[in-house]
Each structure stands twice: as C-alpha cells, then as structure tokens.
$ cat protein28.json   # JSON, C-alpha atoms
[["chain", "number", "residue", "atom", "x", "y", "z"],
["A", 1, "MET", "CA", -16.75, 4.27, 13.47],
["A", 2, "GLN", "CA", -14.06, 6.90, 13.11],
["A", 3, "ALA", "CA", -14.46, 9.70, 15.61],
["A", 4, "PHE", "CA", -12.95, 12.40, 13.41],
["A", 5, "TYR", "CA", -13.80, 14.19, 10.20],
["A", 6, "PRO", "CA", -11.90, 12.84, 7.18],
["A", 7, "ASN", "CA", -10.60, 16.36, 6.43],
["A", 8, "ASP", "CA", -9.09, 16.73, 9.91],
["A", 9, "ARG", "CA", -5.51, 17.88, 9.29],
["A", 10, "MET", "CA", -4.16, 15.45, 11.90],
["A", 11, "ALA", "CA", -4.77, 12.66, 9.36],
["A", 12, "TYR", "CA", -3.01, 14.41, 6.46],
["A", 13, "PRO", "CA", 0.42, 12.82, 7.14],
["A", 14, "LEU", "CA", -1.21, 9.40, 6.69],
["A", 15, "TYR", "CA", -2.85, 10.50, 3.44],
["A", 16, "GLU", "CA", 0.54, 11.73, 2.19],
["A", 17, "VAL", "CA", 2.05, 8.28, 2.71],
["A", 18, "LEU", "CA", -0.92, 6.51, 1.12],
["A", 19, "GLU", "CA", -0.75, 8.83, -1.90],
["A", 20, "GLU", "CA", 3.02, 8.35, -2.22],
["A", 21, "PHE", "CA", 2.62, 4.57, -2.41],
["A", 22, "GLY", "CA", -0.55, 4.61, -4.50],
["A", 23, "LEU", "CA", -2.57, 2.92, -1.77],
["A", 24, "PRO", "CA", -6.29, 3.63, -1.43],
["A", 25, "ALA", "CA", -7.91, 5.27, 1.58],
["A", 26, "LEU", "CA", -11.32, 3.92, 2.53],
["A", 27, "PHE", "CA", -13.83, 6.02, 4.45],
["A", 28, "HIS", "CA", -17.07, 4.76, 5.93],
["A", 29, "THR", "CA", -19.82, 7.00, 4.62],
["A", 30, "GLY", "CA", -23.44, 7.29, 5.62],
["A", 31, "GLN", "CA", -25.30, 5.10, 8.03],
["A", 32, "THR", "CA", -24.63, 1.39, 8.27],
["A", 33, "GLY", "CA", -26.18, -1.27, 10.45],
["A", 34, "ILE", "CA", -23.52, -0.91, 13.14],
["A", 35, "GLY", "CA", -25.14, 0.69, 16.15],
["A", 36, "SER", "CA", -28.57, 0.74, 14.53],
["A", 37, "GLY", "CA", -31.33, 0.27, 17.08],
["A", 38, "VAL", "CA", -28.86, 0.21, 19.98],
["A", 39, "PRO", "CA", -29.28, 2.88, 22.67],
["A", 40, "GLY", "CA", -27.43, 5.99, 21.55],
["A", 41, "GLY", "CA", -26.52, 4.23, 18.30],
["A", 42, "ALA", "CA", -23.68, 2.57, 20.26],
["A", 43, "GLY", "CA", -22.09, 6.00, 20.52],
["A", 44, "ILE", "CA", -21.47, 6.22, 16.77],
["A", 45, "ARG", "CA", -21.85, 9.77, 15.51],
["A", 46, "LEU", "CA", -23.09, 9.86, 11.94],
["A", 47, "LYS", "CA", -21.84, 13.40, 11.33],
["A", 48, "TYR", "CA", -18.33, 12.03, 10.68],
["A", 49, "SER", "CA", -19.60, 9.84, 7.86],
["A", 50, "ASN", "CA", -20.94, 12.58, 5.60],
["A", 51, "PRO", "CA", -18.96, 12.09, 2.36],
["A", 52, "LEU", "CA", -18.78, 15.83, 1.78],
["A", 53, "TYR", "CA", -15.83, 15.95, 4.21],
["A", 54, "VAL", "CA", -13.96, 13.50, 1.98],
["A", 55, "ASP", "CA", -14.15, 16.00, -0.89],
["A", 56, "ASP", "CA", -11.49, 18.13, 0.85],
["A", 57, "VAL", "CA", -9.19, 15.09, 1.06],
["A", 58, "ALA", "CA", -9.74, 14.31, -2.64],
["A", 59, "ALA", "CA", -8.96, 17.92, -3.57],
["A", 60, "ASP", "CA", -5.87, 18.12, -1.34],
["A", 61, "PHE", "CA", -4.52, 14.70, -2.44],
["A", 62, "PRO", "CA", -5.43, 14.38, -6.14],
["A", 63, "GLY", "CA", -3.29, 11.25, -6.57],
["A", 64, "LEU", "CA", -4.85, 9.40, -3.64],
["A", 65, "PRO", "CA", -7.37, 6.71, -4.59],
["A", 66, "ILE", "CA", -10.35, 7.07, -2.25],
["A", 67, "ILE", "CA", -13.17, 4.62, -1.66],
["A", 68, "LEU", "CA", -16.44, 5.86, -0.20],
["A", 69, "ALA", "CA", -17.57, 2.73, 1.61],
["A", 70, "HIS", "CA", -21.31, 2.10, 1.55],
["A", 71, "PRO", "CA", -24.05, 3.88, -0.38],
["A", 72, "SER", "CA", -23.72, 6.97, 1.88],
["A", 73, "PHE", "CA", -27.32, 7.07, 3.11],
["A", 74, "PRO", "CA", -28.69, 9.73, 3.62],
["A", 75, "TRP", "CA", -26.02, 11.60, 1.63],
["A", 76, "GLN", "CA", -26.12, 9.59, -1.60],
["A", 77, "ASP", "CA", -26.26, 12.65, -3.84],
["A", 78, "GLU", "CA", -23.16, 14.12, -2.19],
["A", 79, "ALA", "CA", -21.27, 10.86, -2.75],
["A", 80, "LEU", "CA", -22.33, 10.71, -6.40],
["A", 81, "SER", "CA", -21.29, 14.32, -6.89],
["A", 82, "ILE", "CA", -17.85, 13.77, -5.37],
["A", 83, "ALA", "CA", -17.26, 10.55, -7.35],
["A", 84, "THR", "CA", -18.19, 12.23, -10.63],
["A", 85, "HIS", "CA", -16.13, 15.34, -9.82],
["A", 86, "LYS", "CA", -12.96, 13.75, -8.45],
["A", 87, "PRO", "CA", -11.26, 11.19, -10.73],
["A", 88, "GLN", "CA", -9.77, 9.16, -7.88],
["A", 89, "VAL", "CA", -12.98, 8.73, -5.83],
["A", 90, "TYR", "CA", -14.87, 5.42, -5.97],
["A", 91, "ILE", "CA", -18.04, 4.15, -4.30],
["A", 92, "ASP", "CA", -18.37, 0.69, -2.82],
["A", 93, "LEU", "CA", -21.74, -0.94, -2.34],
["A", 94, "SER", "CA", -21.17, -2.69, 0.98],
["A", 95, "GLY", "CA", -23.32, -2.31, 4.04],
["A", 96, "TRP", "CA", -26.70, -2.31, 2.29],
["A", 97, "SER", "CA", -28.65, -4.91, 0.41],
["A", 98, "PRO", "CA", -28.95, -3.85, -3.25],
["A", 99, "LYS", "CA", -32.74, -3.91, -2.91],
["A", 100, "TYR", "CA", -32.40, -0.72, -0.84],
["A", 101, "PHE", "CA", -30.16, 1.19, -3.25],
["A", 102, "PRO", "CA", -31.68, 4.54, -4.22],
["A", 103, "PRO", "CA", -32.60, 4.98, -7.90],
["A", 104, "GLN", "CA", -29.95, 7.65, -8.49],
["A", 105, "LEU", "CA", -27.20, 5.26, -7.37],
["A", 106, "VAL", "CA", -28.39, 2.62, -9.83],
["A", 107, "ARG", "CA", -28.64, 5.23, -12.61],
["A", 108, "TYR", "CA", -25.09, 6.49, -12.01],
["A", 109, "ALA", "CA", -23.71, 2.96, -11.63],
["A", 110, "ASN", "CA", -25.12, 2.19, -15.08],
["A", 111, "SER", "CA", -23.68, 5.32, -16.68],
["A", 112, "LEU", "CA", -21.34, 8.03, -15.40],
["A", 113, "LEU", "CA", -19.81, 5.93, -12.62],
["A", 114, "LYS", "CA", -19.86, 2.49, -14.22],
["A", 115, "GLU", "CA", -16.06, 2.26, -13.85],
["A", 116, "LYS", "CA", -16.01, 3.66, -10.30],
["A", 117, "VAL", "CA", -18.52, 1.49, -8.43],
["A", 118, "LEU", "CA", -17.24, -1.50, -6.46],
["A", 119, "PHE", "CA", -18.76, -4.69, -5.04],
["A", 120, "GLY", "CA", -18.89, -5.11, -1.30],
["A", 121, "SER", "CA", -21.15, -7.26, 0.84],
["A", 122, "ASP", "CA", -20.18, -6.17, 4.38],
["A", 123, "TYR", "CA", -19.81, -9.77, 5.50],
["A", 124, "PRO", "CA", -20.78, -11.07, 8.03],
["A", 125, "ALA", "CA", -23.62, -8.54, 8.34],
["A", 126, "ILE", "CA", -24.69, -9.36, 4.77],
["A", 127, "THR", "CA", -23.45, -12.60, 3.27],
["A", 128, "PRO", "CA", -22.05, -12.47, -0.26],
["A", 129, "ASP", "CA", -24.72, -14.97, -1.38],
["A", 130, "ARG", "CA", -27.56, -12.77, -0.12],
["A", 131, "TRP", "CA", -25.97, -9.62, -1.55],
["A", 132, "LEU", "CA", -25.41, -11.23, -4.97],
["A", 133, "ALA", "CA", -28.98, -12.61, -5.06],
["A", 134, "ASP", "CA", -30.35, -9.11, -4.40],
["A", 135, "PHE", "CA", -27.90, -7.60, -6.90],
["A", 136, "GLU", "CA", -29.14, -10.02, -9.57],
["A", 137, "LYS", "CA", -32.61, -8.45, -9.28],
["A", 138, "LEU", "CA", -31.26, -4.90, -9.62],
["A", 139, "GLU", "CA", -31.59, -3.15, -12.98],
["A", 140, "ILE", "CA", -27.87, -3.08, -13.75],
["A", 141, "LYS", "CA", -26.87, -3.38, -17.40],
["A", 142, "PRO", "CA", -25.29, -6.76, -18.29],
["A", 143, "GLU", "CA", -22.08, -5.07, -19.47],
["A", 144, "VAL", "CA", -21.79, -3.14, -16.18],
["A", 145, "ARG", "CA", -22.21, -6.12, -13.84],
["A", 146, "PRO", "CA", -18.67, -7.52, -14.33],
["A", 147, "LEU", "CA", -17.24, -4.02, -13.84],
["A", 148, "ILE", "CA", -18.92, -3.67, -10.46],
["A", 149, "LEU", "CA", -18.34, -7.25, -9.33],
["A", 150, "LYS", "CA", -14.66, -7.51, -10.24],
["A", 151, "GLU", "CA", -13.04, -5.40, -12.93],
["A", 152, "ASN", "CA", -13.25, -1.97, -11.28],
["A", 153, "ALA", "CA", -11.68, -3.22, -8.04],
["A", 154, "ALA", "CA", -9.01, -5.18, -9.90],
["A", 155, "ARG", "CA", -8.04, -2.03, -11.83],
["A", 156, "LEU", "CA", -8.11, 0.16, -8.71],
["A", 157, "LEU", "CA", -5.98, -2.31, -6.75],
["A", 158, "LYS", "CA", -3.71, -2.95, -9.74],
["A", 159, "LEU", "CA", -4.48, -6.67, -9.70],
["A", 160, "GLY", "CA", -5.25, -7.13, -13.39],
["A", 161, "THR", "CA", -8.40, -8.91, -14.53]]
$ encode --input "protein28.json" --output "structure tokens"
Amino acid sequence: MQAFYPNDRMAYPLYEVLEEFGLPALFHTGQTGIGSGVPGGAGIRLKYSNPLYVDDVAADFPGLPIILAHPSFPWQDEALSIATHKPQVYIDLSGWSPKYFPPQLVRYANSLLKEKVLFGSDYPAITPDRWLADFEKLEIKPEVRPLILKENAARLLKLGT
C-alpha cells in the first residue's frame, strides 16, 4: 500500500525515532489479497513490497526491530535471507493461509528462524479461526508452535510471556 521504497531516505527520520524508542517498523512485503483481481490491481504497485529494499533499512538502523509482514510472495527467499542475516528482522505470517506457505518458509520457521516468525491472520480477510485451522495442518514442530503463535511476538514487543 505504501507508494515508496522502504529505503527511501525521506523515511529515515521516522526510522531514527522508532529505533531510539525501541519500537518496531512493519513493512508490507510481497503480494497480498488487497487489489488482487481488481483492474490495475487497485493501483497498488508490487515493486515497493520487495523485501530486499528493507535490507538497507536493517543495515542502516541495526537497533530497529523490523517486521516483514506477510510471506513475501514471490520474494520469499529474499525475506528468509534478510531475516537470517539481520538479527532485528522478523517475518509475520499474515495475509496468506498457511496451506499456501512455500516449503522453504516452513523449513526455516522450524529451524533457523523459529524465534523470528510471528503469527498474523490478516483479519478480516482471513479470520483467526480459519488461519489457525490451516496452521494446525502445517508441519510445524510442536515446540515451535507456541513460539510462532505467541512467544516470539511477546518477546519482540517486550510483553513477557
């Protein structure tokens, strides 16, 4: 929905404030259902949602917690690379039913990124009940499920568990 690249310098003053206060920045990444099937995609330009542009922000603001919202389709590998490379970058799972998650996302969520993947349903587009029912069928390790569903977000947001 944003009509600018995340690494556009005009946004850097905002990132400075967020970093100073330890607040997370959330960027929509990849395609979501918004605008899908509508003439011209409702004017939404997907080029701004490539997570690779967030890598610059993560490098320039190493203390800024960053959430890559959505599974970043079709740039899932870029998102996984950034989240494994930059300690403060997380991936949320909103915007897609878990039954459509690519295998590499599931593999990383179960291993290298098990503490950096966050629940998200994208309500009202996907209800939490539907998302959770689809998530239950996903091959996520039992010990990783509570991390994704609650503990990772609670730690990131400093809420305790």
$ atom_distance --input "protein28.json" --atom1 "CA of Ile82 in chain A" --atom2 "CA of Asp55 in chain A"
6.2 Å
$ closest_atom_pairs --input "protein28.json" --of "range 50-133 of chain A" --to "range 26-31 of chain A" --cutoff "10 Å" --atoms "all atoms listed in the file" --output "Markdown table"
| residue | atom | partner | partner_atom | distance |
| --- | --- | --- | --- | --- |
| A:Asn50 | CA | A:Thr29 | CA | 5.8 |
| A:Pro51 | CA | A:Thr29 | CA | 5.6 |
| A:Leu52 | CA | A:Thr29 | CA | 9.3 |
| A:Tyr53 | CA | A:Thr29 | CA | 9.8 |
| A:Val54 | CA | A:Phe27 | CA | 7.9 |
| A:Pro65 | CA | A:Leu26 | CA | 8.6 |
| A:Ile66 | CA | A:Leu26 | CA | 5.8 |
| A:Ile67 | CA | A:Leu26 | CA | 4.6 |
| A:Leu68 | CA | A:Phe27 | CA | 5.3 |
| A:Ala69 | CA | A:His28 | CA | 4.8 |
| A:His70 | CA | A:Thr29 | CA | 6.0 |
| A:Pro71 | CA | A:Gly30 | CA | 6.9 |
| A:Ser72 | CA | A:Gly30 | CA | 3.8 |
| A:Phe73 | CA | A:Gly30 | CA | 4.6 |
| A:Pro74 | CA | A:Gly30 | CA | 6.1 |
| A:Trp75 | CA | A:Gly30 | CA | 6.4 |
| A:Gln76 | CA | A:Gly30 | CA | 8.0 |
| A:Ala79 | CA | A:Thr29 | CA | 8.4 |
| A:Val89 | CA | A:Leu26 | CA | 9.8 |
| A:Tyr90 | CA | A:Leu26 | CA | 9.3 |
| A:Ile91 | CA | A:Thr29 | CA | 9.5 |
| A:Asp92 | CA | A:Leu26 | CA | 9.4 |
| A:Ser94 | CA | A:His28 | CA | 9.8 |
| A:Gly95 | CA | A:Gln31 | CA | 8.6 |
| A:Trp96 | CA | A:Gln31 | CA | 9.5 |
$ atom_distance --input "protein28.json" --atom1 "CA of Pro98 in chain A" --atom2 "CA of Ser49 in chain A"
20.0 Å
$ closest_residue --input "protein28.json" --among "A:Ala83, A:Asp134, A:Gln2, A:Tyr108" --to "Gly43 in chain A" --atoms "all atoms listed in the file"
A:Gln2
$ closest_residue --input "protein28.json" --among "A:Ala125, A:Pro24, A:Ser111, A:Leu159" --to "Arg145 in chain A" --atoms "all atoms listed in the file"
A:Ser111
$ closest_residue --input "protein28.json" --among "A:Trp131, A:Tyr12, A:Phe4, A:Tyr123" --to "Val57 in chain A" --atoms "all atoms listed in the file"
A:Tyr12
$ axis_aligned_box --input "protein28.json" --around "range 92-96 of chain A" --padding-each-side "4 Å" --output "lines of an AutoDock Vina configuration file"
center_x = -22.5
center_y = -1.0
center_z = 0.6
size_x = 16.3
size_y = 11.4
size_z = 14.9
$ closest_residue --input "protein28.json" --among "A:Asp77, A:Gly41, A:Val106, A:Ala58" --to "Leu138 in chain A" --atoms "all atoms listed in the file"
A:Val106
$ atom_distance --input "protein28.json" --atom1 "CA of Asn110 in chain A" --atom2 "CA of Val144 in chain A"
6.4 Å
$ build_atoms --input "protein28.json" --residues "range 50-86 of chain A" --atoms "N, CA and C atoms" --output "JSON list (two decimals), in the coordinates of the input"
[["chain", "number", "residue", "atom", "x", "y", "z"],
["A", 50, "ASN", "N", -20.44, 11.84, 6.75],
["A", 50, "ASN", "CA", -20.94, 12.58, 5.60],
["A", 50, "ASN", "C", -19.81, 12.65, 4.56],
["A", 51, "PRO", "N", -20.05, 12.13, 3.35],
["A", 51, "PRO", "CA", -18.96, 12.09, 2.36],
["A", 51, "PRO", "C", -18.46, 13.45, 1.91],
["A", 52, "LEU", "N", -19.22, 14.50, 2.19],
["A", 52, "LEU", "CA", -18.78, 15.83, 1.78],
["A", 52, "LEU", "C", -17.42, 16.18, 2.38],
["A", 53, "TYR", "N", -17.13, 15.68, 3.58],
["A", 53, "TYR", "CA", -15.83, 15.95, 4.21],
["A", 53, "TYR", "C", -14.68, 15.25, 3.49],
["A", 54, "VAL", "N", -14.99, 14.21, 2.75],
["A", 54, "VAL", "CA", -13.96, 13.50, 1.98],
["A", 54, "VAL", "C", -13.56, 14.31, 0.75],
["A", 55, "ASP", "N", -14.45, 15.18, 0.29],
["A", 55, "ASP", "CA", -14.15, 16.00, -0.89],
["A", 55, "ASP", "C", -12.89, 16.83, -0.66],
["A", 56, "ASP", "N", -12.71, 17.37, 0.54],
["A", 56, "ASP", "CA", -11.49, 18.13, 0.85],
["A", 56, "ASP", "C", -10.24, 17.26, 0.68],
["A", 57, "VAL", "N", -10.33, 16.02, 1.16],
["A", 57, "VAL", "CA", -9.19, 15.09, 1.06],
["A", 57, "VAL", "C", -8.89, 14.82, -0.41],
["A", 58, "ALA", "N", -9.93, 14.58, -1.20],
["A", 58, "ALA", "CA", -9.74, 14.31, -2.64],
["A", 58, "ALA", "C", -9.14, 15.51, -3.36],
["A", 59, "ALA", "N", -9.51, 16.72, -2.95],
["A", 59, "ALA", "CA", -8.96, 17.92, -3.57],
["A", 59, "ALA", "C", -7.51, 18.15, -3.14],
["A", 60, "ASP", "N", -7.22, 17.89, -1.87],
["A", 60, "ASP", "CA", -5.87, 18.12, -1.34],
["A", 60, "ASP", "C", -4.87, 17.03, -1.72],
["A", 61, "PHE", "N", -5.37, 15.84, -2.06],
["A", 61, "PHE", "CA", -4.52, 14.70, -2.44],
["A", 61, "PHE", "C", -5.04, 14.11, -3.75],
["A", 62, "PRO", "N", -4.83, 14.81, -4.86],
["A", 62, "PRO", "CA", -5.43, 14.38, -6.14],
["A", 62, "PRO", "C", -4.93, 13.03, -6.65],
["A", 63, "GLY", "N", -3.80, 12.55, -6.14],
["A", 63, "GLY", "CA", -3.29, 11.25, -6.57],
["A", 63, "GLY", "C", -3.69, 10.11, -5.66],
["A", 64, "LEU", "N", -4.45, 10.40, -4.62],
["A", 64, "LEU", "CA", -4.85, 9.40, -3.64],
["A", 64, "LEU", "C", -6.15, 8.71, -4.06],
["A", 65, "PRO", "N", -6.11, 7.41, -4.33],
["A", 65, "PRO", "CA", -7.37, 6.71, -4.59],
["A", 65, "PRO", "C", -8.19, 6.66, -3.30],
["A", 66, "ILE", "N", -9.46, 7.02, -3.41],
["A", 66, "ILE", "CA", -10.35, 7.07, -2.25],
["A", 66, "ILE", "C", -11.58, 6.23, -2.54],
["A", 67, "ILE", "N", -11.95, 5.43, -1.55],
["A", 67, "ILE", "CA", -13.17, 4.62, -1.66],
["A", 67, "ILE", "C", -14.16, 5.13, -0.62],
["A", 68, "LEU", "N", -15.34, 5.51, -1.09],
["A", 68, "LEU", "CA", -16.44, 5.86, -0.20],
["A", 68, "LEU", "C", -17.18, 4.56, 0.09],
["A", 69, "ALA", "N", -16.96, 4.01, 1.27],
["A", 69, "ALA", "CA", -17.57, 2.73, 1.61],
["A", 69, "ALA", "C", -19.04, 2.94, 1.95],
["A", 70, "HIS", "N", -19.86, 2.13, 1.34],
["A", 70, "HIS", "CA", -21.31, 2.10, 1.55],
["A", 70, "HIS", "C", -22.01, 3.13, 0.65],
["A", 71, "PRO", "N", -23.30, 2.93, 0.46],
["A", 71, "PRO", "CA", -24.05, 3.88, -0.38],
["A", 71, "PRO", "C", -24.31, 5.26, 0.23],
["A", 72, "SER", "N", -23.71, 5.61, 1.33],
["A", 72, "SER", "CA", -23.72, 6.97, 1.88],
["A", 72, "SER", "C", -25.09, 7.49, 2.30],
["A", 73, "PHE", "N", -26.01, 6.61, 2.65],
["A", 73, "PHE", "CA", -27.32, 7.07, 3.11],
["A", 73, "PHE", "C", -27.16, 7.89, 4.38],
["A", 74, "PRO", "N", -27.74, 9.06, 4.50],
["A", 74, "PRO", "CA", -28.69, 9.73, 3.62],
["A", 74, "PRO", "C", -28.05, 10.73, 2.65],
["A", 75, "TRP", "N", -26.75, 10.62, 2.45],
["A", 75, "TRP", "CA", -26.02, 11.60, 1.63],
["A", 75, "TRP", "C", -25.61, 11.03, 0.27],
["A", 76, "GLN", "N", -26.46, 10.24, -0.34],
["A", 76, "GLN", "CA", -26.12, 9.59, -1.60],
["A", 76, "GLN", "C", -25.77, 10.60, -2.69],
["A", 77, "ASP", "N", -26.53, 11.67, -2.79],
["A", 77, "ASP", "CA", -26.26, 12.65, -3.84],
["A", 77, "ASP", "C", -24.90, 13.30, -3.67],
["A", 78, "GLU", "N", -24.49, 13.56, -2.43],
["A", 78, "GLU", "CA", -23.16, 14.12, -2.19],
["A", 78, "GLU", "C", -22.08, 13.15, -2.66],
["A", 79, "ALA", "N", -22.25, 11.87, -2.33],
["A", 79, "ALA", "CA", -21.27, 10.86, -2.75],
["A", 79, "ALA", "C", -21.19, 10.77, -4.27],
["A", 80, "LEU", "N", -22.32, 10.77, -4.94],
["A", 80, "LEU", "CA", -22.33, 10.71, -6.40],
["A", 80, "LEU", "C", -21.65, 11.94, -6.99],
["A", 81, "SER", "N", -21.90, 13.08, -6.41],
["A", 81, "SER", "CA", -21.29, 14.32, -6.89],
["A", 81, "SER", "C", -19.77, 14.28, -6.75],
["A", 82, "ILE", "N", -19.29, 13.83, -5.60],
["A", 82, "ILE", "CA", -17.85, 13.77, -5.37],
["A", 82, "ILE", "C", -17.20, 12.76, -6.32],
["A", 83, "ALA", "N", -17.83, 11.59, -6.47],
["A", 83, "ALA", "CA", -17.26, 10.55, -7.35],
["A", 83, "ALA", "C", -17.25, 10.97, -8.81],
["A", 84, "THR", "N", -18.21, 11.76, -9.24],
["A", 84, "THR", "CA", -18.19, 12.23, -10.63],
["A", 84, "THR", "C", -17.22, 13.40, -10.80],
["A", 85, "HIS", "N", -16.99, 14.16, -9.74],
["A", 85, "HIS", "CA", -16.13, 15.34, -9.82],
["A", 85, "HIS", "C", -14.66, 15.03, -9.63],
["A", 86, "LYS", "N", -14.36, 14.07, -8.78],
["A", 86, "LYS", "CA", -12.96, 13.75, -8.45],
["A", 86, "LYS", "C", -12.59, 12.41, -9.08]]
